[in-house]
Every structure is written in C-alpha cells, then in structure tokens.
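Enquirer: I have a structure I would like to understand better, so I am pasting it below and will then ask my questions one at a time.
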Amino acid sequence: MVSLLLAVIYLIFISLGLPDSLLGSGWPMMQVSFNVPSSYAGYVSMTISFMTIISALLSPGLIKRFHTKWIVIVSILLTIFGLLGFSFSGSYALLFLFAVPFGLGAGSIDSSVNHYVANHFSGSVMNFLHCFYGVGAMISPYIMALALKHAGWNEGYRWTAYLQSMILFVCIISLPLWNKSENKEEDDVSDSAGIKETIAVPGVVLTLISFFAYCSGEATCFLWVPSYFAGTKTGLSDGLIASFGSLIFGGLMIGRLISGFISDKLGDRPLIRIGIAVEFLGIMLVLIPFPGYIAAAVGFVVTGIGMGPIYPSIQHMAPISFGKRLSAAVIGLQMASAYVGSTFMPMVFGQLQQRIGIGIMPVYLLIFATLNIVMIEVSYRTIDSKK
C-alpha cells in the first residue's frame with residue numbers, strides 16, 4: 001500500500017511540473033498573438049507566483065486543518081481551471097484572471113506534499129519526488145512545441161489541461177490509499193508552530209534567503225531560456241526554440257534522479273554543495289561565447305543537473321534542522337520565499353534584457369547562485385551553533 005501511495009505522490013508531482021514550463025515555451029508566439037513586448041511575460045509569471053506565495057503562506061493552516069489528499073484534489077482542480085482559462089484567453093489581460101487559480105493550486109500542492117514527504121520518507125524519496133516534477137516540466141515544452149506545429153499555443157495549454165484531468169482522476173480513485181496515514185498525519189501537525197513563532201528561530205531566515213536566491217535563478221531559466229536562444233542564436237525554428245524550454249527541466253530531472261540514488265549515503269548538505277558547484281559549471285558553459293547553440297544547450301542542461309538536488313535537499317532538512325513541530329511552517333515559509341524570487345526576479349530580468357540584451361542572462365544567474373551558496377553555508381553554521 002505504501003508503494004502504491006508513493007507512486008500516486010510521484011504522479012502528483014508530475015502534475016505539479018506540467019504547467020510550469022508552458023509560459024516560457026509558448027511566450028515567443030503568445031507575444032506575437034497578443035502584440036505585447038517580450039518583457040510582458042514577466043508580469044504574467046509574477047501574478048502566478050504571487051498567488052502561489054499566498055497559497056504557501058496559508059499552507060501551514062491548511063495542513064493543520066485538512067488532510068493532504070484533499071488539498072491535492074482541490075489544488076489540481078484549480079490548476080486545470082487555470083490552464084483551460086489560458087487556452088481560451090483571447091487577450092493579454094485575460095491571462096491575469098486565470099493566473100489566480102493557476103498559482104493558488106501550485107502553492108498548495110507544493111507545500112503540503114513536501115511537508116508530508118519530508119516527515120514520512122527519506123531524502124532519497126524526496127529527490128525522486130522532485131525528479132518527477134522535472135518529468136512533468138520537461139514534457140510540457142514538447143506538448144507546446146507539438147501544438148505550435150499543428151494548431152497554436154492555445155492548444156498547448158488545452159492539451160496539458162486534459163493530461164492534468166487524467167491525473168486528477170487517478171488521484172480521486174486512489175483516495176483510500178491515504179487512509180492508513182491519516183492518524184499519523186494528524187499527530188504530526190496537531191501541535192505545529194505558527195508563522196510568527198517559526199520565523200524568529202535562528203537559521204530560518206537564512207534558509208529563506210537561500211531559497212529566494214535558488215528559485216530566482218531557477219524561475220528565470222524556466223521563463224527565459226527559449227527567449228535566450230531566440231535572441232542570441234540565428235536560424236532556429238519556432239518549434240526548436242520552444243523545445244529548449246525543456247533543457248533546464250531535463251537537467252533538473254537528471255540531477256534529482258542521480259541524487260535519489262546517492263542522497264542517503266551523502267546526506268543533504270554535501271548534495272547541496274556539489275549541486276551548486278555543478279550549477280556554476282553549467283552557467284559558465286552558457287557564458288562562454290561558443291559558436292552555434294550546442295554549447296549553450298549543454299550548459300543549461302548542466303545548470304539544471306546542478307540545481308537538481310538543491311530544492312529537495314533544503315526542504316528535506318527542515319524537520320531535521322528545526323524539528324517536526326516547526327517543519328510545516330518552515331516549509332510553508334520556504335515556499336513563500338521561493339516564490340517571491342519566482343515572482344519578481346524573472347520580471348526584473350525581463351526589464352534588464354530589454355535594456356541591455358538577453359545575453360546578460362548567465363551573469364544574472366551567477367549572481368543568484370553565489371547568494372544561494374553563501375546563505376546556505378551561513379545557515380549551517382547558525383543551526384549547528386544553536387544545537
């Protein structure tokens with residue numbers, strides 16, 4: 001039964017990843033359709049992320065009141081509604097309306113399932129879980145590329161909504177699998193701490209800044225990688241440019257798959273350090289001006305591989321570093337901090353690239369990778385000194 005439940009949880013994270021790369025992959029054609037500047041993708045992305053922040057901040061209370069399975073069902077429904085809304089949007093303004101359920105659904109799933117897995121499973125399972133997020137995020141650029149080839153960007157969102165509906169059906173028929181864990185889940189959250197108490201704990205704010213830095217770089221890649229190739233390389237088809245949206249997600253999937261096999265042996269902290277070192281290597285491959293697009297494509301894959309273990313490892317450390325009583329609030333705060341980065345930093349980059357040129361992207365990523373490693377190392381020292 002546990003294995004079947006774990007399979008369903010992995011499928012839930014595929015559903016979480018599916019919508020995340022659609023905007024970046026479809027934006028070069030959506031921009032033309034709506035007749036707006038390229039930087040306007042950042043405003044839509046910001047709205048989605050802002051709603052996710054709200055959802056993440058509400059998640060400790062939701063986790064305490066409702067079982068994870070019900071949060072998942074409602075969240076996937078909200079995501080499907082948002083996807084279908086995007087697919088029928090005939091104007092740029094309508095995207096903001098449907099960005100609301102789009103973002104609310106993603107934040108609730110992320111926080112609740114991460115909390116559940118961090119408290120009930122090993123670091124290996126956590127990395128495999130986020131690997132399946134990468135599977136979903138890697139699939140959707142190809143859905144969009146296929147839609148652009150045969151129909152239009154609207155169909156890319158619509159087809160993804162149909163796929164999400166099938167996943168929702170599986171989640172509904174698998175509800176009995178959660179029954180055995182319900183009592184234990186109630187025990188885990190019955191005395192959980194609130195946001196105000198948690199944020200005052202030494203080391204928490206440092207991990208929030210680290211999460212902000214990580215997701216600033218990650219979200220910038222999610223949104224702008226196809227546009228980077230469109231703006232710096234010549235002779236590439238629309239379908240090929242859209243498919244580049246899968247590079248960072250494919251790297252994330254590979255990195256988390258590898259981490260899933262070695263995380264229990266190495267531990268969370270060494271994995272984070274190794275991951276950031278590999279991320280630096282990938283960014284440098286993008287930064288060096290090799291001819292053609294192959295080196296940059298490899299660089300983004302390597303960047304994704306390096307990013308792979310960082311997110312799940314930091315979250316898996318929450319119950320160990322701060323205790324189970326604080327873990328729900330810590331993970332909720334981490335998610336909110338992460339989505340602050342996801343909300344504003346791709347938009348900031350959109351303004352920068354409009355003024356300076358999109359070739360500045362690898363330098364932008366280096367800044368956040370550096371902030372990430374500095375903050376996480378300082379947080380280690382703070383947590384260790386407290387203990």
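Residues are referred to by chain and number: the chain letter is A, B, ... according to the order shown in the structure tokens, the number counts from 1 in that chain, and ligands are numbered separately from 1 in the order shown.
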List the spatial neighbours of segment 251-256 of chain A as a count of residues only - criterion: any atom at most 12 Å away, only C-alpha atoms, same-chain residues fewer than 6 positions off excluded.
Expert: 52
Enquirer: Mind checking which residues fall within 8 Å of Ile241 of chain A, counting only C-alpha atoms, ignoring those fewer than 5 positions away in the same chain, and posting them as a PyMOL selection string?
Expert: chain A and resi 25+226-227+229-230+236
Enquirer: Emit the selected residues as a tab-separated table (two decimals), in the first residue's frame, including all heavy atoms.
Expert:
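Written output follows (again-v7.tsv):
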```tsv
chain	number	residue	atom	x	y	z
A	25	SER	N	7.79	28.36	-22.87
A	25	SER	CA	7.85	27.71	-24.17
A	25	SER	C	6.93	28.37	-25.19
A	25	SER	O	7.26	28.47	-26.37
A	25	SER	CB	7.48	26.22	-24.04
A	25	SER	OG	8.39	25.55	-23.22
A	226	PRO	N	14.01	29.71	-23.65
A	226	PRO	CA	13.69	29.77	-25.09
A	226	PRO	C	13.96	31.15	-25.70
A	226	PRO	O	14.48	31.25	-26.81
A	226	PRO	CB	12.20	29.43	-25.12
A	226	PRO	CG	11.97	28.61	-23.89
A	226	PRO	CD	12.85	29.24	-22.85
A	227	SER	N	13.62	32.20	-24.95
A	227	SER	CA	13.85	33.56	-25.46
A	227	SER	C	15.34	33.86	-25.57
A	227	SER	O	15.76	34.64	-26.44
A	227	SER	CB	13.17	34.58	-24.54
A	227	SER	OG	11.77	34.39	-24.54
A	229	PHE	N	17.68	31.74	-26.51
A	229	PHE	CA	18.12	31.19	-27.79
A	229	PHE	C	17.55	31.99	-28.96
A	229	PHE	O	18.23	32.21	-29.95
A	229	PHE	CB	17.71	29.72	-27.90
A	229	PHE	CG	18.57	28.80	-27.10
A	229	PHE	CD1	18.21	28.43	-25.81
A	229	PHE	CD2	19.76	28.31	-27.62
A	229	PHE	CE1	19.02	27.59	-25.06
A	229	PHE	CE2	20.58	27.47	-26.88
A	229	PHE	CZ	20.21	27.11	-25.59
A	230	ALA	N	16.29	32.45	-28.82
A	230	ALA	CA	15.69	33.26	-29.88
A	230	ALA	C	16.44	34.57	-30.07
A	230	ALA	O	16.56	35.08	-31.19
A	230	ALA	CB	14.22	33.54	-29.56
A	236	LEU	N	17.02	29.40	-36.10
A	236	LEU	CA	16.32	28.35	-35.35
A	236	LEU	C	14.81	28.47	-35.59
A	236	LEU	O	14.26	29.57	-35.60
A	236	LEU	CB	16.61	28.48	-33.84
A	236	LEU	CG	18.08	28.47	-33.42
A	236	LEU	CD1	18.20	28.62	-31.91
A	236	LEU	CD2	18.77	27.20	-33.88
```
Enquirer: Do a neighbour search on Asn154 of chain A at 7 Å with only C-alpha atoms, toss out local chain neighbours closer than 4 positions, and write the hits as a PyMOL selection string.
Expert: chain A and resi 87-88+158
Enquirer: Residues near segment 44-47 of chain A, anyone? I mean within 12 Å using only C-alpha atoms, not counting same-chain ones fewer than 5 positions away, as a count of residues only.
Expert: 46
Enquirer: Would you kindly return, as a ChimeraX atom specification, each protein, DNA or RNA residue with an atom no farther than 8 Å from any atom of Ile12 of chain A, considering only C-alpha atoms and excluding same-chain residues fewer than 4 positions away?
Expert: /A:8,16,72,167,171
Enquirer: Please save C-alpha atoms of the selected residues as a JSON list (two decimals), in the first residue's frame.
Expert:
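Now in result18.json:
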```
[["chain", "number", "residue", "atom", "x", "y", "z"],
["A", 8, "VAL", "CA", 0.49, 8.38, -6.66],
["A", 16, "LEU", "CA", 2.81, 19.99, -10.49],
["A", 72, "VAL", "CA", -4.11, 17.85, -3.54],
["A", 167, "ILE", "CA", -4.00, 12.65, -13.28],
["A", 171, "CYS", "CA", -5.81, 10.80, -7.53]]
```
Enquirer: From the set A:Ser3, A:Ser122, A:Gln353, A:Ser327, which residue has the shortest atom-to-atom contact distance to Lys265 of chain A, counting only C-alpha atoms?
Expert: A:Ser122
Enquirer: Nearest to Leu58 of chain A among A:Leu366, A:Leu175, A:Val113, A:Ala329, with distances taken over only C-alpha atoms: which residue is it?
Expert: A:Ala329
Enquirer: Return the single residue from A:Leu57, A:Gly107, A:Gly239, A:Thr234 that is closest to Ala147 of chain A, with distances computed using only C-alpha atoms.
Expert: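 Ranking A:Leu57, A:Gly107, A:Gly239, A:Thr234 by distance to Ala147 of chain A, first place goes to A:Gly239.
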Enquirer: Considering only C-alpha atoms, can you say which of A:Asn114, A:Asn119, A:Ser15, A:Ser33 comes closest to Lys324 of chain A?
Expert: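 Answer, going by the shortest atom-to-atom distance: A:Asn119.
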Enquirer: Check segment 184-294 of chain A with DSSP on the backbone and list each residue it calls helix (DSSP H, G or I), as a ChimeraX atom specification.
Expert: /A:184-189,195-199,204-232,238-243,246-266,268-287,294
